[in-house]
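Worksheet: the structure to be examined is printed underneath.
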Amino acid sequence: MDSAGAMIAFHLSVPYGPGIVSEKDVYEVLMQGSLGEIASPAKDVLAYLFHENSPASILEAAYECGASVEKVRKLYEEILGMSLPPSPEWERVAL
């Protein structure tokens, strides 16, 4: 696993089994700024992206796929709107 996207996908998939979330899924949600196009169960697992991964890892993955900080922030706001609690680590990042 050479990329942050692959590491994030692997980390999120561990409790559910291999391949639930792919590197492509991680990059897609970061580039789109939304979970909208991802099929479940990956979509349900990716809702915990900001709770299960460090801001540094998420921003590195965003850089790898060319996602803007604005899109990453939009994704975080969408996830908060799903009634998930804020991520303390992400809330400390001044973006």
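Just so we're on the same page: first chain in the structure tokens is A, next is B, and so on; residues restart at 1 for each chain, and ligands are numbered from 1 in the order they show up.
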(request) Just the residues within 9 Å of Met31 (chain A), please, counting only C-alpha atoms, with nothing from its chain fewer than 3 positions along; format it as a PyMOL selection string. (result) chain A and resi 26-28+34+62+65-68+71-72
(message) Taking 4 positions as the minimum chain separation for residues in the same chain, which residues sit within 10 Å of Ala39 (chain A) when counting only C-alpha atoms? Answer as a VMD selection string.
(response) chain A and resid 21 25 35 43 to 44
(request) Name the residues in contact with Glu89 (chain A) at a cut-off of 12 Å, using only C-alpha atoms, excluding same-chain residues fewer than 2 positions from it; report them as an NGL selection string. (result) :A and (49-58 or 85-87 or 91-94)
Export of the given selection (N, CA and C atoms) as a PDB file, in the first residue's frame:
ATOM      1  N   LEU A  49     -15.271   8.163   7.481  1.00  0.00           N
ATOM      2  CA  LEU A  49     -13.949   8.552   6.987  1.00  0.00           C
ATOM      3  C   LEU A  49     -13.225   9.501   7.927  1.00  0.00           C
ATOM      4  N   PHE A  50     -13.896  10.537   8.383  1.00  0.00           N
ATOM      5  CA  PHE A  50     -13.257  11.563   9.211  1.00  0.00           C
ATOM      6  C   PHE A  50     -13.089  11.131  10.668  1.00  0.00           C
ATOM      7  N   HIS A  51     -13.822  10.122  11.085  1.00  0.00           N
ATOM      8  CA  HIS A  51     -13.699   9.619  12.457  1.00  0.00           C
ATOM      9  C   HIS A  51     -12.616   8.556  12.581  1.00  0.00           C
ATOM     10  N   GLU A  52     -12.358   7.855  11.497  1.00  0.00           N
ATOM     11  CA  GLU A  52     -11.449   6.711  11.526  1.00  0.00           C
ATOM     12  C   GLU A  52     -10.065   7.002  10.954  1.00  0.00           C
ATOM     13  N   ASN A  53      -9.863   8.188  10.404  1.00  0.00           N
ATOM     14  CA  ASN A  53      -8.585   8.519   9.769  1.00  0.00           C
ATOM     15  C   ASN A  53      -8.129   9.899  10.202  1.00  0.00           C
ATOM     16  N   SER A  54      -6.847  10.072  10.243  1.00  0.00           N
ATOM     17  CA  SER A  54      -6.293  11.365  10.653  1.00  0.00           C
ATOM     18  C   SER A  54      -6.510  12.402   9.559  1.00  0.00           C
ATOM     19  N   PRO A  55      -6.600  13.661   9.944  1.00  0.00           N
ATOM     20  CA  PRO A  55      -6.687  14.718   8.940  1.00  0.00           C
ATOM     21  C   PRO A  55      -5.511  14.670   7.959  1.00  0.00           C
ATOM     22  N   ALA A  56      -4.317  14.357   8.450  1.00  0.00           N
ATOM     23  CA  ALA A  56      -3.147  14.289   7.570  1.00  0.00           C
ATOM     24  C   ALA A  56      -3.326  13.226   6.494  1.00  0.00           C
ATOM     25  N   SER A  57      -3.849  12.057   6.864  1.00  0.00           N
ATOM     26  CA  SER A  57      -4.072  10.987   5.887  1.00  0.00           C
ATOM     27  C   SER A  57      -5.128  11.384   4.862  1.00  0.00           C
ATOM     28  N   ILE A  58      -6.192  11.997   5.333  1.00  0.00           N
ATOM     29  CA  ILE A  58      -7.269  12.414   4.431  1.00  0.00           C
ATOM     30  C   ILE A  58      -6.764  13.481   3.466  1.00  0.00           C
ATOM     31  N   PRO A  85     -21.680  12.548  14.715  1.00  0.00           N
ATOM     32  CA  PRO A  85     -21.046  13.583  15.535  1.00  0.00           C
ATOM     33  C   PRO A  85     -19.818  14.157  14.831  1.00  0.00           C
ATOM     34  N   PRO A  86     -19.427  15.363  15.194  1.00  0.00           N
ATOM     35  CA  PRO A  86     -18.212  15.946  14.623  1.00  0.00           C
ATOM     36  C   PRO A  86     -16.985  15.115  14.994  1.00  0.00           C
ATOM     37  N   SER A  87     -15.997  15.179  14.142  1.00  0.00           N
ATOM     38  CA  SER A  87     -14.717  14.525  14.413  1.00  0.00           C
ATOM     39  C   SER A  87     -13.830  15.515  15.156  1.00  0.00           C
ATOM     40  N   GLU A  91     -12.129  18.782  13.466  1.00  0.00           N
ATOM     41  CA  GLU A  91     -12.579  20.093  13.923  1.00  0.00           C
ATOM     42  C   GLU A  91     -11.396  20.984  14.326  1.00  0.00           C
ATOM     43  N   ARG A  92     -10.298  20.382  14.753  1.00  0.00           N
ATOM     44  CA  ARG A  92      -9.114  21.163  15.142  1.00  0.00           C
ATOM     45  C   ARG A  92      -8.314  21.661  13.942  1.00  0.00           C
ATOM     46  N   VAL A  93      -8.544  21.065  12.782  1.00  0.00           N
ATOM     47  CA  VAL A  93      -7.811  21.464  11.584  1.00  0.00           C
ATOM     48  C   VAL A  93      -8.437  22.751  11.048  1.00  0.00           C
ATOM     49  N   ALA A  94      -7.646  23.756  10.930  1.00  0.00           N
ATOM     50  CA  ALA A  94      -8.136  25.044  10.404  1.00  0.00           C
ATOM     51  C   ALA A  94      -7.998  25.040   8.887  1.00  0.00           C
TER      52      ALA A  94
END
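By chain and then residue number, the residues within 9 Å of Ser3 (chain A) are Ile8, Glu23, Glu60, Ala61 and Glu64 of chain A, counting only C-alpha atoms and disregarding those fewer than 5 positions away in sequence.
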(request) Work out how far apart CA of Ala6 (chain A) and CA of Lys24 (chain A) are and give it in Å to one decimal. (result)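 Atom-to-atom, CA of Ala6 (chain A) and CA of Lys24 (chain A) are spaced 8.4 Å apart.
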(request) Could you check how far CA of Met82 (chain A) sits from CA of Ala47 (chain A), in Å to one decimal? (result) 8.4 Å
(request) Just give me the gap between CA of Val29 (chain A) and CA of Tyr76 (chain A) in Å, one decimal is fine. (result) 10.3 Å
(request) Among the residues of chain A, find those DSSP assigns to helix (DSSP H, G or I) from the backbone and print them as number ranges by chain. (result) A: 4-13, 23-32, 42-46, 49-52, 55-65, 69-80, 88-92
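Distance annotation: of A:Gln32, A:Val45, A:Leu84, A:Trp90, the residue with the minimal separation from Glu70 (chain A) is A:Gln32; atom set is only C-alpha atoms.
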Identify, on the basis of only C-alpha atoms, every residue whose closest approach to Pro41 (chain A) does not exceed 10 Å; exclude the query and any residue fewer than 5 positions from it along the same chain; express the result as a PDB file with C-alpha atoms, in the first residue's frame.
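And here is the file that came out, part.pdb:
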ATOM      1  CA  TYR A  16     -16.118  -5.687   7.446  1.00  0.00           C
ATOM      2  CA  ILE A  20     -15.698  -3.212   1.129  1.00  0.00           C
ATOM      3  CA  VAL A  21     -14.105   0.181   0.428  1.00  0.00           C
ATOM      4  CA  LEU A  46     -17.130   5.894   4.160  1.00  0.00           C
TER       5      LEU A  46
END
